[in-house]
$ cat upload.cif   # mmCIF, C-alpha atoms and all ligand atoms
data_protein
#
loop_
_atom_site.label_atom_id
_atom_site.label_comp_id
_atom_site.auth_asym_id
_atom_site.auth_seq_id
_atom_site.Cartn_x
_atom_site.Cartn_y
_atom_site.Cartn_z
CA MET A 1 -52.16 -150.94 126.03
CA GLU A 2 -48.39 -150.82 126.52
CA GLN A 3 -48.17 -154.29 124.98
CA GLU A 4 -50.04 -152.96 121.95
CA GLY A 5 -47.29 -150.38 121.48
CA ILE A 6 -48.68 -147.30 123.20
CA ARG A 7 -46.00 -145.31 125.02
CA PHE A 8 -47.04 -143.48 128.17
CA ARG A 9 -45.21 -140.44 129.55
CA TYR A 10 -46.00 -138.94 132.92
CA GLY A 11 -45.39 -135.49 134.38
CA ASP A 12 -45.77 -133.62 131.05
CA GLU A 13 -48.25 -130.75 130.82
CA VAL A 14 -49.46 -130.22 127.26
CA ALA A 15 -51.43 -127.15 126.07
CA PRO A 16 -53.78 -127.54 123.07
CA GLU A 17 -52.35 -124.28 121.67
CA THR A 18 -48.76 -125.58 121.66
CA LEU A 19 -48.94 -129.28 120.92
CA PRO A 20 -45.62 -131.12 120.64
CA LYS A 21 -44.46 -131.65 117.07
CA GLY A 22 -43.93 -135.03 115.47
CA PHE A 23 -47.43 -136.56 115.56
CA ASP A 24 -49.86 -136.95 112.66
CA ALA A 25 -52.98 -136.57 114.83
CA TYR A 26 -53.76 -135.51 118.40
CA VAL A 27 -56.57 -136.45 120.79
CA ILE A 28 -56.96 -134.07 123.70
CA ALA A 29 -58.65 -135.68 126.71
CA THR A 30 -57.67 -133.37 129.55
CA GLY A 31 -60.98 -133.52 131.45
CA THR A 32 -62.31 -130.58 133.48
CA PRO A 33 -59.39 -129.71 135.76
CA THR A 34 -60.76 -126.37 137.07
CA ALA A 35 -63.15 -126.66 140.01
CA ARG A 36 -65.70 -123.90 140.64
CA ASP A 37 -64.39 -121.68 143.44
CA LEU A 38 -66.22 -119.71 146.15
CA PRO A 39 -64.54 -116.29 146.35
CA VAL A 40 -66.16 -115.06 149.58
CA PRO A 41 -64.25 -113.39 152.46
CA GLY A 42 -61.99 -115.85 154.28
CA ARG A 43 -61.42 -118.12 151.26
CA GLU A 44 -57.67 -117.99 151.97
CA LEU A 45 -58.03 -119.52 155.47
CA LYS A 46 -56.21 -122.76 156.17
CA GLY A 47 -58.82 -125.52 156.17
CA VAL A 48 -60.78 -124.42 153.08
CA HIS A 49 -60.10 -126.96 150.31
CA PHE A 50 -61.37 -128.00 146.93
CA ALA A 51 -62.98 -131.46 147.15
CA LEU A 52 -60.32 -133.02 144.94
CA GLU A 53 -57.53 -131.87 147.30
CA LEU A 54 -59.07 -134.32 149.78
CA LEU A 55 -60.24 -137.05 147.38
CA ALA A 56 -57.18 -137.26 145.09
CA GLN A 57 -54.76 -137.23 148.03
CA GLN A 58 -56.76 -139.90 149.86
CA ASN A 59 -56.60 -142.14 146.75
CA ARG A 60 -52.82 -141.71 146.62
CA VAL A 61 -52.52 -142.47 150.33
CA LEU A 62 -54.57 -145.65 149.85
CA TYR A 63 -52.09 -146.63 147.13
CA GLY A 64 -49.20 -146.17 149.56
CA ALA A 65 -48.14 -142.53 149.13
CA GLU A 66 -46.73 -140.83 152.19
CA VAL A 67 -47.84 -137.26 152.82
CA ASP A 68 -46.23 -135.18 155.57
CA ALA A 69 -48.49 -133.74 158.26
CA ALA A 70 -48.18 -130.17 156.92
CA HIS A 71 -49.64 -131.16 153.53
CA ARG A 72 -52.11 -133.84 154.68
CA VAL A 73 -55.76 -132.95 154.02
CA THR A 74 -57.77 -134.94 156.53
CA CYS A 75 -61.13 -134.81 158.25
CA LYS A 76 -59.99 -136.88 161.24
CA GLY A 77 -61.58 -135.55 164.44
CA LYS A 78 -62.99 -132.52 162.61
CA ASP A 79 -66.34 -130.86 162.07
CA VAL A 80 -66.68 -131.03 158.28
CA LEU A 81 -68.76 -128.77 156.04
CA VAL A 82 -69.24 -129.89 152.45
CA ILE A 83 -70.45 -127.11 150.14
CA GLY A 84 -72.28 -128.57 147.13
CA GLY A 85 -74.99 -131.22 147.09
CA GLY A 86 -73.85 -133.36 144.15
CA ASP A 87 -71.92 -136.61 143.67
CA THR A 88 -68.50 -135.10 144.44
CA GLY A 89 -69.97 -133.81 147.71
CA SER A 90 -71.20 -137.36 148.44
CA ASP A 91 -67.68 -138.71 147.89
CA CYS A 92 -66.37 -136.13 150.38
CA ILE A 93 -68.92 -137.26 152.99
CA GLY A 94 -67.95 -140.92 152.60
CA THR A 95 -64.24 -140.07 152.78
CA ALA A 96 -64.76 -137.87 155.84
CA HIS A 97 -66.43 -140.82 157.61
CA ARG A 98 -63.59 -143.21 156.61
CA GLN A 99 -61.07 -140.75 158.00
CA GLY A 100 -62.92 -140.53 161.34
CA CYS A 101 -64.53 -137.09 161.23
CA LYS A 102 -66.45 -135.70 164.22
CA SER A 103 -69.46 -134.47 162.20
CA VAL A 104 -70.46 -133.76 158.59
CA MET A 105 -72.91 -131.23 157.19
CA GLN A 106 -73.63 -130.76 153.50
CA ILE A 107 -75.18 -127.54 152.21
CA GLU A 108 -76.65 -126.89 148.79
CA ILE A 109 -77.67 -123.53 147.32
CA MET A 110 -80.52 -124.99 145.24
CA PRO A 111 -83.89 -126.16 146.68
CA LYS A 112 -84.40 -129.69 147.95
CA PRO A 113 -85.49 -131.83 144.96
CA PRO A 114 -88.80 -133.70 145.22
CA MET A 115 -88.68 -137.21 146.70
CA GLY A 116 -90.73 -138.95 143.99
CA PRO A 117 -90.82 -138.98 140.19
CA ASP A 118 -94.29 -137.41 139.94
CA ASP A 119 -93.36 -133.74 139.55
CA PRO A 120 -95.52 -132.44 136.65
CA ALA A 121 -92.90 -129.73 135.99
CA ASN A 122 -90.32 -132.45 135.35
CA PRO A 123 -91.91 -134.88 132.87
CA TRP A 124 -90.27 -137.84 131.16
CA PRO A 125 -87.92 -137.91 129.19
CA ASN A 126 -86.21 -134.99 131.00
CA TRP A 127 -83.50 -135.85 133.53
CA PRO A 128 -85.43 -136.70 136.76
CA ARG A 129 -84.85 -134.01 139.37
CA THR A 130 -85.46 -136.29 142.32
CA LEU A 131 -83.69 -136.37 145.66
CA LYS A 132 -80.64 -138.64 145.53
CA THR A 133 -79.53 -140.27 148.77
CA SER A 134 -76.18 -142.02 148.42
CA SER A 135 -74.64 -144.66 150.66
CA SER A 136 -72.44 -141.85 152.02
CA HIS A 137 -75.51 -139.92 153.16
CA GLU A 138 -76.82 -143.07 154.81
CA GLU A 139 -73.62 -143.24 156.88
CA GLY A 140 -74.69 -140.01 158.55
CA CYS A 141 -74.81 -136.41 157.43
CA VAL A 142 -76.88 -133.30 158.07
CA ARG A 143 -78.20 -132.12 154.69
CA ARG A 144 -79.53 -128.61 154.12
CA TRP A 145 -80.86 -126.94 150.96
CA ASN A 146 -81.45 -123.31 149.92
CA ILE A 147 -78.33 -122.24 151.84
CA ASN A 148 -75.92 -119.53 150.66
CA THR A 149 -72.38 -119.16 152.03
CA LEU A 150 -71.58 -115.59 153.14
CA ARG A 151 -68.03 -115.92 154.50
CA PHE A 152 -65.47 -118.18 156.12
CA LEU A 153 -64.48 -117.28 159.69
CA GLY A 154 -61.16 -118.05 161.32
CA GLU A 155 -58.64 -117.45 164.06
CA ASN A 156 -54.88 -117.12 163.49
CA GLY A 157 -55.34 -117.93 159.80
CA ARG A 158 -57.20 -121.19 160.43
CA LEU A 159 -60.87 -121.88 159.67
CA THR A 160 -63.20 -122.07 162.69
CA GLY A 161 -66.65 -121.65 161.14
CA VAL A 162 -68.75 -120.54 158.20
CA GLU A 163 -71.43 -117.89 158.06
CA ILE A 164 -74.37 -119.15 156.04
CA GLN A 165 -77.84 -117.85 155.24
CA PRO A 166 -81.11 -119.51 154.29
CA ILE A 167 -82.30 -118.18 150.91
CA ASP A 168 -85.14 -118.59 148.48
CA TRP A 169 -85.42 -118.41 144.71
CA GLU A 170 -87.96 -116.03 143.14
CA PRO A 171 -88.91 -115.87 139.46
CA ASN A 172 -86.86 -113.18 137.74
CA PRO A 173 -89.17 -110.57 136.13
CA GLU A 174 -86.47 -110.01 133.48
CA GLY A 175 -86.48 -113.74 132.68
CA GLY A 176 -83.56 -116.15 132.96
CA ARG A 177 -82.11 -117.51 136.18
CA PRO A 178 -84.38 -117.00 139.25
CA LYS A 179 -83.35 -114.34 141.76
CA MET A 180 -81.82 -115.36 145.10
CA VAL A 181 -83.45 -113.59 148.08
CA PRO A 182 -82.70 -113.91 151.84
CA ALA A 183 -85.16 -116.18 153.68
CA GLY A 184 -83.77 -116.12 157.21
CA ASP A 185 -81.10 -114.65 159.44
CA PRO A 186 -77.42 -115.46 158.84
CA GLU A 187 -76.05 -118.13 161.18
CA VAL A 188 -72.62 -119.49 161.99
CA VAL A 189 -71.84 -123.18 161.53
CA LYS A 190 -68.79 -124.56 163.35
CA ALA A 191 -66.33 -126.11 160.88
CA ASP A 192 -62.65 -127.11 161.04
CA ILE A 193 -62.55 -128.09 157.37
CA VAL A 194 -64.60 -127.00 154.34
CA LEU A 195 -64.70 -129.00 151.12
CA LEU A 196 -65.80 -127.09 148.02
CA ALA A 197 -67.75 -129.47 145.78
CA MET A 198 -69.63 -127.10 143.50
CA GLY A 199 -68.83 -128.58 140.12
CA PHE A 200 -66.19 -128.01 137.47
CA LEU A 201 -65.87 -125.33 134.81
CA LYS A 202 -66.38 -126.44 131.22
CA PRO A 203 -63.15 -125.73 129.35
CA GLN A 204 -63.20 -123.30 126.42
CA LEU A 205 -61.96 -125.30 123.45
CA PRO A 206 -59.44 -123.41 121.32
CA GLU A 207 -59.39 -123.26 117.52
CA VAL A 208 -57.33 -126.23 116.39
CA GLY A 209 -56.13 -127.81 113.16
CA GLU A 210 -58.05 -130.57 111.40
CA ASN A 211 -55.75 -133.24 112.88
CA VAL A 212 -56.69 -132.36 116.49
CA PHE A 213 -59.66 -134.08 118.19
CA PHE A 214 -61.25 -133.73 121.62
CA ALA A 215 -62.67 -136.54 123.75
CA GLY A 216 -64.26 -136.95 127.16
CA ASP A 217 -65.10 -134.32 129.74
CA VAL A 218 -62.98 -131.64 128.05
CA GLN A 219 -65.50 -131.76 125.21
CA SER A 220 -68.77 -132.41 127.07
CA GLY A 221 -68.12 -130.71 130.40
CA ALA A 222 -68.02 -132.76 133.63
CA SER A 223 -69.88 -136.01 132.97
CA LEU A 224 -69.55 -139.76 133.56
CA VAL A 225 -66.93 -142.41 132.79
CA VAL A 226 -69.28 -144.25 130.41
CA ARG A 227 -69.83 -141.05 128.38
CA ALA A 228 -66.09 -140.33 128.32
CA MET A 229 -65.50 -143.85 126.99
CA ALA A 230 -68.13 -143.41 124.27
CA SER A 231 -66.58 -140.07 123.36
CA GLY A 232 -63.13 -141.72 123.20
CA HIS A 233 -64.51 -144.33 120.80
CA ALA A 234 -66.05 -141.59 118.64
CA ALA A 235 -62.75 -139.63 118.63
CA ALA A 236 -60.86 -142.77 117.61
CA GLY A 237 -63.32 -143.18 114.72
CA SER A 238 -62.73 -139.56 113.68
CA VAL A 239 -58.95 -140.07 113.74
CA ASP A 240 -59.36 -143.20 111.66
CA ALA A 241 -61.56 -141.36 109.15
CA TYR A 242 -59.00 -138.51 109.00
CA PHE A 243 -56.20 -140.95 108.11
CA ASN A 244 -58.29 -142.64 105.45
C1 LIG B 1 -65.00 -136.72 142.65
C2 LIG B 1 -65.51 -137.32 141.37
C3 LIG B 1 -66.21 -138.50 141.43
C4 LIG B 1 -66.68 -139.08 140.26
N1 LIG B 1 -67.37 -140.25 140.35
C5 LIG B 1 -67.81 -140.82 139.21
C6 LIG B 1 -68.51 -142.05 139.26
O1 LIG B 1 -68.73 -142.63 140.33
N2 LIG B 1 -68.94 -142.61 138.10
C7 LIG B 1 -68.71 -142.01 136.88
O2 LIG B 1 -69.09 -142.54 135.86
N3 LIG B 1 -68.06 -140.83 136.82
C8 LIG B 1 -67.60 -140.23 137.94
N4 LIG B 1 -66.94 -139.03 137.86
C9 LIG B 1 -66.72 -138.42 136.54
C10 LIG B 1 -65.56 -139.09 135.81
O3 LIG B 1 -64.43 -139.10 136.67
C11 LIG B 1 -65.25 -138.32 134.53
O4 LIG B 1 -66.42 -138.17 133.75
C12 LIG B 1 -64.20 -139.02 133.70
O5 LIG B 1 -63.04 -139.30 134.48
C13 LIG B 1 -63.81 -138.18 132.48
O6 LIG B 1 -62.76 -138.83 131.82
P1 LIG B 1 -61.73 -137.98 130.93
O7 LIG B 1 -60.75 -139.00 130.41
O8 LIG B 1 -62.46 -137.12 129.96
O9 LIG B 1 -61.01 -136.97 131.94
P2 LIG B 1 -60.19 -137.28 133.27
O10 LIG B 1 -60.50 -138.60 133.85
O11 LIG B 1 -60.42 -136.07 134.13
O12 LIG B 1 -58.69 -137.33 132.79
C14 LIG B 1 -58.02 -136.17 132.35
C15 LIG B 1 -56.53 -136.41 132.54
O13 LIG B 1 -55.80 -135.39 131.83
C16 LIG B 1 -54.76 -134.90 132.66
N5 LIG B 1 -54.48 -133.51 132.23
C17 LIG B 1 -55.25 -132.39 132.46
N6 LIG B 1 -54.68 -131.29 131.87
C18 LIG B 1 -53.56 -131.73 131.24
C19 LIG B 1 -52.56 -131.09 130.46
N7 LIG B 1 -52.59 -129.78 130.19
N8 LIG B 1 -51.53 -131.85 129.97
C20 LIG B 1 -51.48 -133.19 130.23
N9 LIG B 1 -52.39 -133.84 130.96
C21 LIG B 1 -53.43 -133.14 131.47
C22 LIG B 1 -55.32 -134.99 134.06
O14 LIG B 1 -54.27 -135.00 135.00
C23 LIG B 1 -56.09 -136.31 134.00
O15 LIG B 1 -55.25 -137.39 134.31
C24 LIG B 1 -66.45 -138.45 139.01
C25 LIG B 1 -65.74 -137.24 138.96
C26 LIG B 1 -65.28 -136.69 140.13
C27 LIG B 1 -64.52 -135.38 140.08
#
$ encode --input "upload.cif" --output "structure tokens"
Amino acid sequence: MEQEGIRFRYGDEVAPETLPKGFDAYVIATGTPTARDLPVPGRELKGVHFALELLAQQNRVLYGAEVDAAHRVTCKGKDVLVIGGGDTGSDCIGTAHRQGCKSVMQIEIMPKPPMGPDDPANPWPNWPRTLKTSSSHEEGCVRRWNINTLRFLGENGRLTGVEIQPIDWEPNPEGGRPKMVPAGDPEVVKADIVLLAMGFLKPQLPEVGENVFFAGDVQSGASLVVRAMASGHAAAGSVDAYFN
């Protein structure tokens, strides 16, 4: 791409509201940088991290970056709790194993999906809500569903455990999202590190001029590389049409 004449600049943060002058068209492809947080008591404890604090740093380390011990996010020798049962959570489990964790548990607030594709409430062509077991899960992991997180527990500012509670989902008489109800006593899970893998917030797109285009996750919400590429192609077509 450089050979084709594209200039890359690193370390510049650009806001859609204040785009730099001097360009005829703009494509904004800033992804979904804001992870969903879990603002329960103890969130500030050392040892509670967003998944990408672990995953992005580990990628940099694998590419040769040096991180001092005070800033290193590692699961080595630790009891690991991953909160969120999706693909990012799976990546955390695999990384925790590579780093030599002591144990990994993954909890998910939603019910366990069915094992097979025969759920009459989930007919084709809807997205199949079936249980996904990744290679990371196969490496070893306790998986639990219908679990809510009540608070993080710690000593001297450092995480030592997490209070969780089994829950159930009941139909909401007012309609909309089902109601969460307790389904068991709270319990404490030992954890030295928590990884929050509960998805990413869809950015609110601002009003922009007719020469500004959006592409990728920033437009669709968190998705897949192949969709981001298709969206990039579509945005390029729109820019082309705008110039012609
Ligand atoms: C942990 C994880 C695992 C994933 N695994 C897979 C997978 O296995 N397969 C798959 O298909 N998809 C996977 N995805 C999804 C995939 O990464 C995204 O769908 C894809 O990267 C979206 O591409 P994008 O170009 O829209 O955004 P991104 O790849 O997120 O790129 C956005 C870029 O914009 C930069 N940026 C953000 N804000 C600004 C700003 N204000 N100014 C300047 N730059 C900014 C960011 O630093 C980033 O480099 C995964 C996502 C995550 C989080």
$ closest_residue --input "upload.cif" --among "A:Ala230, A:Val239, A:Val208, A:Ile109" --to "Ile83 in chain A" --atoms "only C-alpha atoms"
A:Ile109
$ residues_around --input "upload.cif" --residues "Ala236 in chain A" --least-positions-apart "6" --cutoff "10 Å" --atoms "all atoms listed in the file" --output "VMD selection string"
chain A and resid 27 213 to 215 230 242
$ residues_around --input "upload.cif" --residues "Pro128 in chain A" --least-positions-apart "6" --cutoff "12 Å" --atoms "only C-alpha atoms" --output "tab-separated table (two decimals) with C-alpha atoms, in the coordinates of the input"
chain	number	residue	atom	x	y	z
A	113	PRO	CA	-85.49	-131.83	144.96
A	114	PRO	CA	-88.80	-133.70	145.22
A	115	MET	CA	-88.68	-137.21	146.70
A	116	GLY	CA	-90.73	-138.95	143.99
A	117	PRO	CA	-90.82	-138.98	140.19
A	118	ASP	CA	-94.29	-137.41	139.94
A	119	ASP	CA	-93.36	-133.74	139.55
A	120	PRO	CA	-95.52	-132.44	136.65
A	121	ALA	CA	-92.90	-129.73	135.99
A	122	ASN	CA	-90.32	-132.45	135.35
$ residues_around --input "upload.cif" --residues "Lys179 in chain A" --least-positions-apart "2" --cutoff "7 Å" --atoms "only C-alpha atoms" --output "number ranges by chain"
A: 169-172, 177, 181
$ residues_near_ligand --input "upload.cif" --ligand "ligand LIG 1 (chain B)" --cutoff "9 Å" --atoms "all atoms listed in the file" --output "compact mmCIF listing (two decimals) with C-alpha atoms, in the coordinates of the input"
# COMPACT_ATOMS: atom_id res chain seq x y z
CA TYR A 10 -46.00 -138.94 132.92
CA GLY A 11 -45.39 -135.49 134.38
CA ASP A 12 -45.77 -133.62 131.05
CA GLU A 13 -48.25 -130.75 130.82
CA VAL A 14 -49.46 -130.22 127.26
CA ALA A 15 -51.43 -127.15 126.07
CA PRO A 16 -53.78 -127.54 123.07
CA ILE A 28 -56.96 -134.07 123.70
CA ALA A 29 -58.65 -135.68 126.71
CA THR A 30 -57.67 -133.37 129.55
CA GLY A 31 -60.98 -133.52 131.45
CA THR A 32 -62.31 -130.58 133.48
CA PRO A 33 -59.39 -129.71 135.76
CA ALA A 35 -63.15 -126.66 140.01
CA ALA A 51 -62.98 -131.46 147.15
CA LEU A 52 -60.32 -133.02 144.94
CA LEU A 55 -60.24 -137.05 147.38
CA ALA A 56 -57.18 -137.26 145.09
CA ASP A 87 -71.92 -136.61 143.67
CA THR A 88 -68.50 -135.10 144.44
CA GLY A 89 -69.97 -133.81 147.71
CA SER A 90 -71.20 -137.36 148.44
CA ASP A 91 -67.68 -138.71 147.89
CA CYS A 92 -66.37 -136.13 150.38
CA ALA A 197 -67.75 -129.47 145.78
CA GLY A 199 -68.83 -128.58 140.12
CA PHE A 200 -66.19 -128.01 137.47
CA ALA A 215 -62.67 -136.54 123.75
CA GLY A 216 -64.26 -136.95 127.16
CA ASP A 217 -65.10 -134.32 129.74
CA VAL A 218 -62.98 -131.64 128.05
CA GLN A 219 -65.50 -131.76 125.21
CA SER A 220 -68.77 -132.41 127.07
CA GLY A 221 -68.12 -130.71 130.40
CA ALA A 222 -68.02 -132.76 133.63
CA SER A 223 -69.88 -136.01 132.97
CA LEU A 224 -69.55 -139.76 133.56
CA VAL A 225 -66.93 -142.41 132.79
CA VAL A 226 -69.28 -144.25 130.41
CA ARG A 227 -69.83 -141.05 128.38
CA ALA A 228 -66.09 -140.33 128.32
CA MET A 229 -65.50 -143.85 126.99
CA SER A 231 -66.58 -140.07 123.36
CA GLY A 232 -63.13 -141.72 123.20
$ atom_distance --input "upload.cif" --atom1 "CA of Leu153 in chain A" --atom2 "CA of Val189 in chain A"
9.6 Å
$ closest_residue --input "upload.cif" --among "A:Lys112, A:Arg129, A:Arg158, A:His97" --to "Asn146 in chain A" --atoms "only C-alpha atoms"
A:Lys112
$ atom_distance --input "upload.cif" --atom1 "CA of Leu19 in chain A" --atom2 "CA of Pro206 in chain A"
12.0 Å
$ residues_around --input "upload.cif" --residues "Glu187 in chain A" --least-positions-apart "4" --cutoff "10 Å" --atoms "only C-alpha atoms" --output "NGL selection string"
:A and (149-150 or 162-166)
$ atom_distance --input "upload.cif" --atom1 "CA of Asp79 in chain A" --atom2 "CA of Leu201 in chain A"
27.8 Å
$ residues_around --input "upload.cif" --residues "Glu155 in chain A" --least-positions-apart "4" --cutoff "10 Å" --atoms "all atoms listed in the file" --output "MDAnalysis selection string"
chainID A and resid 45:46 159:161
$ residues_near_point --input "upload.cif" --point "(-58.6, -136.0, 160.3)" --cutoff "8 Å" --atoms "all atoms listed in the file" --output "PDB file with C-alpha atoms, in the frame of the given file"
ATOM      1  CA  VAL A  73     -55.760-132.950 154.020  1.00  0.00           C
ATOM      2  CA  THR A  74     -57.770-134.940 156.530  1.00  0.00           C
ATOM      3  CA  CYS A  75     -61.130-134.810 158.250  1.00  0.00           C
ATOM      4  CA  LYS A  76     -59.990-136.880 161.240  1.00  0.00           C
ATOM      5  CA  GLY A  77     -61.580-135.550 164.440  1.00  0.00           C
ATOM      6  CA  LYS A  78     -62.990-132.520 162.610  1.00  0.00           C
ATOM      7  CA  ALA A  96     -64.760-137.870 155.840  1.00  0.00           C
ATOM      8  CA  GLN A  99     -61.070-140.750 158.000  1.00  0.00           C
ATOM      9  CA  GLY A 100     -62.920-140.530 161.340  1.00  0.00           C
ATOM     10  CA  CYS A 101     -64.530-137.090 161.230  1.00  0.00           C
TER      11      CYS A 101
END
$ closest_residue --input "upload.cif" --among "A:Glu207, A:Glu53, A:Glu139, A:Asp168" --to "Met110 in chain A" --atoms "all atoms listed in the file"
A:Asp168
$ decode --input "upload.cif" --residues "range 22-35 of chain A" --atoms "N, CA, C and O atoms" --output "compact mmCIF listing (two decimals), in the first residue's frame"
# COMPACT_ATOMS: atom_id res chain seq x y z
N GLY A 22 -7.57 19.68 4.50
CA GLY A 22 -6.64 19.41 3.41
C GLY A 22 -6.90 18.12 2.65
O GLY A 22 -6.10 17.73 1.82
N PHE A 23 -8.04 17.47 2.94
CA PHE A 23 -8.39 16.24 2.21
C PHE A 23 -9.74 16.45 1.51
O PHE A 23 -10.61 17.17 2.03
N ASP A 24 -9.92 15.81 0.37
CA ASP A 24 -11.17 15.96 -0.37
C ASP A 24 -12.25 15.02 0.13
O ASP A 24 -13.44 15.28 -0.01
N ALA A 25 -11.84 13.88 0.70
CA ALA A 25 -12.81 12.93 1.27
C ALA A 25 -12.15 12.23 2.46
O ALA A 25 -10.92 12.20 2.58
N TYR A 26 -12.99 11.71 3.35
CA TYR A 26 -12.49 11.05 4.56
C TYR A 26 -13.21 9.72 4.72
O TYR A 26 -14.43 9.65 4.50
N VAL A 27 -12.47 8.68 5.11
CA VAL A 27 -13.10 7.41 5.50
C VAL A 27 -12.71 7.16 6.95
O VAL A 27 -11.53 7.09 7.28
N ILE A 28 -13.72 7.07 7.79
CA ILE A 28 -13.46 6.84 9.22
C ILE A 28 -13.65 5.35 9.50
O ILE A 28 -14.72 4.80 9.25
N ALA A 29 -12.60 4.72 10.00
CA ALA A 29 -12.64 3.26 10.25
C ALA A 29 -11.99 3.00 11.62
O ALA A 29 -11.00 2.29 11.72
N THR A 30 -12.61 3.62 12.64
CA THR A 30 -11.98 3.60 13.97
C THR A 30 -12.43 2.44 14.84
O THR A 30 -12.07 2.37 16.02
N GLY A 31 -13.21 1.51 14.29
CA GLY A 31 -13.57 0.31 15.04
C GLY A 31 -14.49 0.62 16.22
O GLY A 31 -15.21 1.62 16.25
N THR A 32 -14.47 -0.28 17.20
CA THR A 32 -15.29 -0.13 18.41
C THR A 32 -14.35 -0.11 19.61
O THR A 32 -14.17 -1.13 20.28
N PRO A 33 -13.72 1.05 19.88
CA PRO A 33 -12.66 1.05 20.89
C PRO A 33 -13.14 0.95 22.34
O PRO A 33 -12.33 0.69 23.24
N THR A 34 -14.46 1.14 22.59
CA THR A 34 -14.91 1.18 24.00
C THR A 34 -15.52 -0.16 24.41
O THR A 34 -16.58 -0.56 23.91
N ALA A 35 -14.84 -0.84 25.32
CA ALA A 35 -15.33 -2.14 25.81
C ALA A 35 -16.42 -1.90 26.85
O ALA A 35 -16.39 -0.91 27.58
